[in-house]
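Source file: data34.cif (mmCIF, C-alpha atoms (C1' of nucleotides))
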data_start
#
loop_
_atom_site.label_atom_id
_atom_site.label_comp_id
_atom_site.auth_asym_id
_atom_site.auth_seq_id
_atom_site.Cartn_x
_atom_site.Cartn_y
_atom_site.Cartn_z
CA MET S 18 30.04 15.55 -8.23
CA THR S 19 29.43 19.22 -7.51
CA GLU S 20 31.12 21.11 -4.71
CA GLN S 21 27.76 21.46 -2.98
CA GLN S 22 27.17 17.70 -3.11
CA VAL S 23 30.61 17.16 -1.59
CA ILE S 24 29.88 19.64 1.21
CA ASP S 25 26.51 17.99 1.91
CA ALA S 26 28.09 14.52 2.01
CA LEU S 27 30.93 15.61 4.29
CA GLY S 28 28.44 17.34 6.57
CA ALA S 29 26.36 14.20 6.69
CA LEU S 30 29.35 12.14 7.82
CA ALA S 31 30.56 14.70 10.35
CA GLN S 32 28.26 13.50 13.12
CA GLU S 33 28.80 10.72 15.62
CA THR S 34 25.46 8.93 15.26
CA ARG S 35 25.50 9.16 11.47
CA LEU S 36 29.10 7.92 11.21
CA ARG S 37 28.14 4.96 13.39
CA ILE S 38 25.08 4.28 11.25
CA LEU S 39 27.19 4.36 8.12
CA ARG S 40 29.76 2.00 9.55
CA TYR S 41 27.04 -0.41 10.58
CA LEU S 42 25.49 -0.26 7.12
CA VAL S 43 28.89 -0.87 5.52
CA SER S 44 29.18 -4.02 7.63
CA LYS S 45 25.79 -5.11 6.31
CA GLY S 46 26.74 -4.59 2.67
CA GLN S 47 24.13 -5.37 0.01
CA VAL S 48 21.78 -6.85 2.56
CA GLY S 49 21.33 -3.55 4.35
CA ALA S 50 19.40 -3.12 7.59
CA ALA S 51 15.95 -2.02 8.71
CA ALA S 52 15.54 1.29 10.53
CA GLY S 53 14.60 -0.49 13.75
CA ASP S 54 17.65 -2.72 13.57
CA ILE S 55 19.89 0.30 13.01
CA SER S 56 18.19 2.15 15.85
CA ALA S 57 18.99 -0.70 18.24
CA GLN S 58 22.57 -1.05 17.01
CA VAL S 59 23.46 2.60 17.50
CA SER S 60 21.44 2.93 20.71
CA ALA S 61 19.35 5.84 19.51
CA SER S 62 15.60 6.43 19.65
CA ALA S 63 13.51 5.65 16.58
CA SER S 64 12.87 9.31 15.77
CA ARG S 65 16.47 10.27 16.22
CA THR S 66 17.63 7.41 14.01
CA SER S 67 15.05 8.33 11.40
CA PHE S 68 16.27 11.94 11.45
CA HIS S 69 19.87 10.89 10.85
CA LEU S 70 18.95 8.30 8.22
CA SER S 71 17.12 11.04 6.31
CA ALA S 72 20.21 13.22 6.50
CA LEU S 73 22.35 10.41 5.07
CA ALA S 74 19.77 9.70 2.36
CA ASP S 75 19.44 13.41 1.47
CA ALA S 76 23.20 13.53 1.06
CA GLY S 77 22.95 10.53 -1.26
CA LEU S 78 25.11 8.26 0.88
CA VAL S 79 22.43 5.66 1.63
CA THR S 80 19.33 4.37 -0.14
CA ALA S 81 15.99 3.47 1.38
CA THR S 82 13.63 0.74 0.19
CA ARG S 83 10.39 -0.25 1.82
CA VAL S 84 10.02 -4.00 2.29
CA SER S 85 6.76 -4.86 3.94
CA ARG S 86 6.54 -2.99 7.23
CA SER S 87 10.25 -2.25 7.36
CA ILE S 88 12.38 0.24 5.50
CA ILE S 89 15.72 -1.20 4.50
CA TYR S 90 18.69 1.15 4.32
CA ARG S 91 21.86 0.39 2.37
CA VAL S 92 25.13 2.26 1.85
CA ASP S 93 25.55 3.59 -1.66
CA PHE S 94 29.13 2.47 -2.17
CA ASN S 95 29.39 4.33 -5.45
CA ALA S 96 28.45 7.57 -3.72
CA MET S 97 31.05 6.93 -1.03
CA GLY S 98 33.57 6.23 -3.79
CA SER S 99 32.68 9.48 -5.57
CA LEU S 100 33.11 11.45 -2.39
CA ILE S 101 36.45 9.89 -1.57
CA GLY S 102 37.53 10.20 -5.21
CA TYR S 103 36.75 13.92 -5.06
CA LEU S 104 38.80 14.36 -1.90
CA VAL S 105 41.75 12.45 -3.35
CA LYS S 106 41.78 13.80 -6.90
CA ASP S 107 40.02 17.18 -7.13
CA CYS S 108 40.79 18.35 -3.65
CA CYS S 109 44.25 16.87 -3.01
CA LYS S 110 45.47 16.71 -6.63
CA SER S 111 46.28 13.04 -5.99
CA ASP S 112 49.24 14.01 -3.84
CA PRO S 113 51.39 10.92 -3.14
CA ARG S 114 51.21 11.46 0.63
CA VAL S 115 47.45 11.14 0.34
CA ILE S 116 47.34 8.31 -2.20
CA ARG S 117 49.72 6.29 -0.01
CA CYS S 118 47.02 6.10 2.70
CA CYS S 119 44.35 4.40 0.59
CA MET K 25 43.05 8.54 14.22
CA THR K 26 40.17 8.58 16.69
CA GLU K 27 36.54 8.77 15.65
CA GLN K 28 36.30 12.24 17.17
CA GLN K 29 39.26 13.46 15.14
CA VAL K 30 37.61 12.11 12.00
CA ILE K 31 34.34 13.88 12.83
CA ASP K 32 36.19 17.15 13.51
CA ALA K 33 38.10 16.90 10.25
CA LEU K 34 35.00 16.08 8.20
CA GLY K 35 33.15 18.95 9.87
CA ALA K 36 36.02 21.28 9.03
CA LEU K 37 35.84 20.35 5.35
CA ALA K 38 32.03 20.54 5.16
CA GLN K 39 31.91 24.27 4.57
CA GLU K 40 32.21 26.19 1.32
CA THR K 41 34.78 28.78 2.39
CA ARG K 42 36.93 26.20 4.17
CA LEU K 43 36.84 23.75 1.26
CA ARG K 44 37.93 26.58 -1.06
CA ILE K 45 40.72 27.54 1.34
CA LEU K 46 41.91 23.96 1.47
CA ARG K 47 41.91 23.61 -2.29
CA TYR K 48 43.89 26.83 -2.63
CA LEU K 49 46.40 25.63 -0.05
CA VAL K 50 46.74 22.29 -1.85
CA SER K 51 47.60 24.22 -5.03
CA LYS K 52 50.29 26.06 -3.07
CA GLY K 53 51.87 22.87 -1.72
CA GLN K 54 54.91 23.18 0.57
CA VAL K 55 55.16 26.92 -0.06
CA GLY K 56 51.82 27.61 1.59
CA ALA K 57 50.12 30.99 1.63
CA ALA K 58 49.75 33.92 3.99
CA ALA K 59 46.40 34.62 5.61
CA GLY K 60 45.99 37.83 3.61
CA ASP K 61 46.72 36.09 0.33
CA ILE K 62 44.17 33.38 1.17
CA SER K 63 41.63 36.00 2.18
CA ALA K 64 41.95 37.69 -1.21
CA GLN K 65 41.81 34.38 -3.11
CA VAL K 66 38.60 33.20 -1.49
CA SER K 67 37.03 36.68 -1.44
CA ALA K 68 36.34 36.66 2.27
CA SER K 69 37.05 39.31 4.91
CA ALA K 70 40.16 38.99 7.05
CA SER K 71 38.24 38.05 10.19
CA ARG K 72 36.10 35.54 8.38
CA THR K 73 39.15 33.93 6.78
CA SER K 74 40.93 33.87 10.13
CA PHE K 75 37.92 32.16 11.71
CA HIS K 76 37.90 29.44 9.06
CA LEU K 77 41.68 29.01 9.09
CA SER K 78 41.48 28.43 12.84
CA ALA K 79 38.80 25.79 12.28
CA LEU K 80 41.02 24.00 9.75
CA ALA K 81 44.02 24.26 12.06
CA ASP K 82 42.02 23.04 15.09
CA ALA K 83 40.98 20.03 13.03
CA GLY K 84 44.65 19.41 12.25
CA LEU K 85 44.27 19.79 8.49
CA VAL K 86 46.52 22.82 8.12
CA THR K 87 49.55 24.19 9.95
CA ALA K 88 50.32 27.82 10.76
CA THR K 89 53.78 29.39 10.94
CA ARG K 90 54.51 33.01 11.60
CA VAL K 91 57.03 34.52 9.19
CA SER K 92 57.66 38.14 9.96
CA ARG K 93 54.35 39.98 9.80
CA SER K 94 52.55 37.20 7.95
CA ILE K 95 51.26 33.86 9.08
CA ILE K 96 51.85 31.16 6.51
CA TYR K 97 49.31 28.35 6.31
CA ARG K 98 50.02 24.99 4.69
CA VAL K 99 47.97 21.86 4.13
CA ASP K 100 49.03 18.94 6.27
CA PHE K 101 49.00 16.29 3.57
CA ASN K 102 49.62 13.53 6.08
CA ALA K 103 46.52 14.56 8.01
CA MET K 104 44.48 14.60 4.80
CA GLY K 105 45.87 11.16 4.02
CA SER K 106 44.94 9.85 7.46
CA LEU K 107 41.41 11.14 7.08
CA ILE K 108 40.95 9.64 3.65
CA GLY K 109 42.62 6.42 4.78
CA TYR K 110 40.11 6.19 7.63
CA LEU K 111 37.19 6.68 5.25
CA VAL K 112 38.50 4.07 2.84
CA LYS K 113 39.72 1.41 5.27
CA ASP K 114 37.99 1.72 8.66
CA CYS K 115 34.76 3.16 7.42
CA CYS K 116 34.29 1.45 4.03
CA LYS K 117 36.25 -1.75 4.78
CA SER K 118 38.25 -1.06 1.60
CA ASP K 119 35.27 -2.01 -0.54
CA PRO K 120 36.37 -2.36 -4.19
CA ARG K 121 33.70 0.11 -5.37
CA VAL K 122 35.32 2.71 -3.15
CA ILE K 123 38.96 1.80 -3.83
CA ARG K 124 38.32 2.01 -7.56
CA CYS K 125 37.63 5.77 -7.21
CA CYS K 126 41.03 6.73 -5.75
"C1'" DC G 29 58.86 55.66 19.68
"C1'" DT G 30 55.47 55.96 16.16
"C1'" DC G 31 53.25 54.61 12.15
"C1'" DC G 32 51.88 51.07 9.07
"C1'" DT G 33 50.84 46.37 7.82
"C1'" DA G 34 49.15 41.65 8.95
"C1'" DT G 35 46.32 39.03 11.53
"C1'" DT G 36 43.41 37.64 15.40
"C1'" DT G 37 39.92 38.34 18.90
"C1'" DC G 38 35.55 39.84 20.47
"C1'" DA G 39 30.53 40.70 20.99
"C1'" DA G 40 26.24 40.62 18.82
"C1'" DC G 41 23.32 38.42 16.04
"C1'" DA G 42 21.07 35.27 12.63
"C1'" DA G 43 20.84 30.73 10.91
"C1'" DC G 44 21.25 26.01 11.30
"C1'" DT G 45 21.43 21.34 13.73
"C1'" DA G 46 20.33 17.82 17.12
"C1'" DT G 47 17.32 15.89 20.68
"C1'" DT G 48 12.98 14.76 22.85
"C1'" DG G 49 8.50 12.84 23.22
"C1'" DA G 50 4.00 12.76 21.27
"C1'" DA G 51 1.14 12.21 17.31
"C1'" DA G 52 0.58 10.68 12.54
"C1'" DT G 53 1.36 7.47 8.59
"C1'" DG G 54 1.70 3.19 6.36
"C1'" DT G 55 1.57 -2.09 6.45
"C1'" DT G 56 0.29 -6.65 7.79
"C1'" DG G 57 -2.50 -10.41 9.85
"C1'" DC G 58 -6.63 -11.77 11.96
"C1'" DG F 1 -12.24 -3.14 9.98
"C1'" DC F 2 -9.17 -3.37 13.96
"C1'" DA F 3 -5.06 -4.19 16.53
"C1'" DA F 4 -0.21 -4.32 16.48
"C1'" DC F 5 4.06 -3.09 14.48
"C1'" DA F 6 7.57 -0.17 11.92
"C1'" DT F 7 8.74 4.12 10.84
"C1'" DT F 8 8.29 9.11 10.04
"C1'" DT F 9 6.72 13.73 11.10
"C1'" DC F 10 6.08 17.53 14.08
"C1'" DA F 11 6.75 21.24 17.58
"C1'" DA F 12 9.49 22.81 21.19
"C1'" DT F 13 13.83 23.59 22.79
"C1'" DA F 14 18.85 23.80 23.51
"C1'" DG F 15 23.15 24.06 21.51
"C1'" DT F 16 26.31 25.05 17.77
"C1'" DT F 17 28.09 27.59 13.71
"C1'" DG F 18 28.92 31.45 10.58
"C1'" DT F 19 28.93 36.48 9.65
"C1'" DT F 20 29.87 41.26 10.60
"C1'" DG F 21 32.48 45.19 11.94
"C1'" DA F 22 35.20 47.18 15.49
"C1'" DA F 23 38.95 46.79 18.62
"C1'" DA F 24 43.18 44.44 20.07
"C1'" DT F 25 47.72 42.23 19.28
"C1'" DA F 26 52.10 41.51 16.93
"C1'" DG F 27 55.98 42.72 13.98
"C1'" DG F 28 58.80 45.69 10.94
"C1'" DA F 29 60.45 50.19 8.97
"C1'" DG F 30 61.65 54.86 9.36
#
Show me, as structure tokens, the structure contained in the file I just sent.
Amino acid sequence: MTEQQVIDALGALAQETRLRILRYLVSKGQVGAAAGDISAQVSASASRTSFHLSALADAGLVTATRVSRSIIYRVDFNAMGSLIGYLVKDCCKSDPRVIRCC
Amino acid sequence: MTEQQVIDALGALAQETRLRILRYLVSKGQVGAAAGDISAQVSASASRTSFHLSALADAGLVTATRVSRSIIYRVDFNAMGSLIGYLVKDCCKSDPRVIRCC
DNA sequence: CTCCTATTTCAACAACTATTGAAATGTTGC
DNA sequence: GCAACATTTCAATAGTTGTTGAAATAGGAG
């Protein structure tokens, strides 16, 4: 994971609506959720939700798959793991005070 | 850790100069580094470095202590741990694909 | 008290980000 | 093909963030 990818991913998470979207998608696991469902859950307009979903997808944190009329979004758990792994290992040198919290 | 604190901390890390500052401070551990030293290490002007150090301090990720003419900055490893712990546990429900990366 | 060093603060500005509502795109069922 | 649905794209706008260089603040040494 490059430094730029890390910065993009952190920037993607550093926003209220997007953090809520991500948490909702984590709760949905493999199943994922359609854009409209997500929009309703986070109480945001369709266009606003779409904008934030694109940001999360651009950062590589979620995937999008069209299924019939809907587009299903899912968390990319491996990407989340890579990001967190970078923060723990590369960034914090696996300091025990950090490791302890995981 | 509140959601707003998490967002502030993620936003603080989502910037090239600040991520470099943090990594340098991690390498310095308890000893920390003076603002001028940091400024030289990350090749940024004094005012620019000061601006970013304030952002990191406001987010609670680093501490500042004046020692004579210098101000010594140090990473707050517990704050970094809390942030990462939030991402792993609250946000990712301790999913094994995420845990594996730590 | 004055000079020098270390750092922050400030104002101006450019660049980026988020929100809104309307219009466009793609998909299905009749 | 047409109507309805699901979602994205677009333009306008407001708000936020980062950079620069100059001026201000704070502390120590002679």
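Compared by their closest atoms to G:DT36, and using all atoms listed in the file, the residues K:Val86, K:Val66, K:Ala57, K:Ile95 rank with K:Ile95 nearest.
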Using the chain letters and residue numbers of this document, give as a PDB file with C-alpha atoms, in the coordinates of the input the residues selected by the PyMOL selection byres ((chain K) within 8 of (chain F)).
ATOM      1  CA  ARG K  72      36.100  35.540   8.380  1.00  0.00           C
ATOM      2  CA  SER K  92      57.660  38.140   9.960  1.00  0.00           C
ATOM      3  CA  ARG K  93      54.350  39.980   9.800  1.00  0.00           C
TER       4      ARG K  93
END
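Selection by the PyMOL selection byres ((chain K) within 7 of (chain S)) on the present file picks out Ile31, Asp32, Leu34, Gly35, Leu37, Ala38, Gln39, Glu40, Arg47, Val50, Phe101, Asn102, Met104, Gly105, Ser106, Ile108, Gly109, Val112, Cys115, Cys116, Arg121, Val122, Ile123, Cys125 and Cys126 of chain K.
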Taking all atoms listed in the file into account, what are the residues of chain K at most 8 Å from chain G, put as a PyMOL selection string?
-> chain K and resi 59-60+70-71+74+93-95
What separates atom CA of S:Asp75 and atom CA of K:Leu85 is a distance of 26.6 Å
Would you mind reading off the distance between atom CA of S:Arg83 and atom CA of S:Gln58, one decimal, in Å?
->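 A separation of 19.5 Å between them.
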Assuming the input is short of atoms at stretch 25-47 of chain K, produce N, CA, C and O atoms for that part as a CSV table (one decimal), keeping the file's coordinate frame.
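To be explicit, this is the file written out as out_20.csv:
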chain,number,residue,atom,x,y,z
K,25,MET,N,44.0,7.4,14.3
K,25,MET,CA,43.0,8.5,14.2
K,25,MET,C,41.8,8.1,14.9
K,25,MET,O,41.1,7.1,14.6
K,26,THR,N,41.4,8.9,15.9
K,26,THR,CA,40.2,8.6,16.7
K,26,THR,C,38.9,9.0,15.9
K,26,THR,O,39.0,9.9,15.1
K,27,GLU,N,37.8,8.4,16.3
K,27,GLU,CA,36.5,8.8,15.6
K,27,GLU,C,36.3,10.3,15.8
K,27,GLU,O,35.8,10.9,14.9
K,28,GLN,N,36.6,10.8,17.0
K,28,GLN,CA,36.3,12.2,17.2
K,28,GLN,C,37.2,13.1,16.3
K,28,GLN,O,36.7,14.1,15.7
K,29,GLN,N,38.4,12.7,16.0
K,29,GLN,CA,39.3,13.5,15.1
K,29,GLN,C,38.7,13.4,13.7
K,29,GLN,O,38.8,14.4,13.0
K,30,VAL,N,38.2,12.3,13.3
K,30,VAL,CA,37.6,12.1,12.0
K,30,VAL,C,36.4,13.0,11.9
K,30,VAL,O,36.3,13.8,10.9
K,31,ILE,N,35.5,13.0,12.9
K,31,ILE,CA,34.3,13.9,12.8
K,31,ILE,C,34.7,15.3,12.8
K,31,ILE,O,34.2,16.1,12.0
K,32,ASP,N,35.7,15.8,13.5
K,32,ASP,CA,36.2,17.2,13.5
K,32,ASP,C,36.7,17.5,12.1
K,32,ASP,O,36.5,18.6,11.6
K,33,ALA,N,37.5,16.6,11.6
K,33,ALA,CA,38.1,16.9,10.2
K,33,ALA,C,37.0,17.0,9.2
K,33,ALA,O,37.0,17.9,8.3
K,34,LEU,N,36.1,16.1,9.2
K,34,LEU,CA,35.0,16.1,8.2
K,34,LEU,C,34.2,17.4,8.4
K,34,LEU,O,33.8,18.0,7.4
K,35,GLY,N,33.9,17.7,9.6
K,35,GLY,CA,33.2,19.0,9.9
K,35,GLY,C,33.9,20.2,9.4
K,35,GLY,O,33.3,21.1,8.9
K,36,ALA,N,35.2,20.1,9.5
K,36,ALA,CA,36.0,21.3,9.0
K,36,ALA,C,35.9,21.4,7.5
K,36,ALA,O,35.9,22.5,7.0
K,37,LEU,N,35.9,20.3,6.8
K,37,LEU,CA,35.8,20.4,5.4
K,37,LEU,C,34.4,20.6,4.8
K,37,LEU,O,34.3,21.1,3.7
K,38,ALA,N,33.4,20.4,5.6
K,38,ALA,CA,32.0,20.5,5.2
K,38,ALA,C,31.5,22.0,5.2
K,38,ALA,O,30.5,22.3,5.7
K,39,GLN,N,32.3,22.9,4.6
K,39,GLN,CA,31.9,24.3,4.6
K,39,GLN,C,32.6,24.9,3.3
K,39,GLN,O,33.8,24.7,3.1
K,40,GLU,N,31.8,25.6,2.6
K,40,GLU,CA,32.2,26.2,1.3
K,40,GLU,C,33.5,27.0,1.4
K,40,GLU,O,34.5,26.7,0.7
K,41,THR,N,33.6,28.0,2.3
K,41,THR,CA,34.8,28.8,2.4
K,41,THR,C,36.0,27.9,2.8
K,41,THR,O,37.1,28.1,2.2
K,42,ARG,N,35.8,27.0,3.7
K,42,ARG,CA,36.9,26.2,4.2
K,42,ARG,C,37.4,25.2,3.1
K,42,ARG,O,38.6,25.0,2.9
K,43,LEU,N,36.4,24.7,2.3
K,43,LEU,CA,36.8,23.8,1.3
K,43,LEU,C,37.6,24.5,0.2
K,43,LEU,O,38.6,24.0,-0.3
K,44,ARG,N,37.2,25.8,-0.1
K,44,ARG,CA,37.9,26.6,-1.1
K,44,ARG,C,39.3,26.9,-0.6
K,44,ARG,O,40.3,26.9,-1.3
K,45,ILE,N,39.4,27.2,0.7
K,45,ILE,CA,40.7,27.5,1.3
K,45,ILE,C,41.6,26.3,1.2
K,45,ILE,O,42.8,26.4,0.8
K,46,LEU,N,41.1,25.2,1.5
K,46,LEU,CA,41.9,24.0,1.5
K,46,LEU,C,42.4,23.7,0.0
K,46,LEU,O,43.6,23.4,-0.2
K,47,ARG,N,41.5,23.8,-0.9
K,47,ARG,CA,41.9,23.6,-2.3
K,47,ARG,C,43.0,24.6,-2.7
K,47,ARG,O,43.9,24.2,-3.4
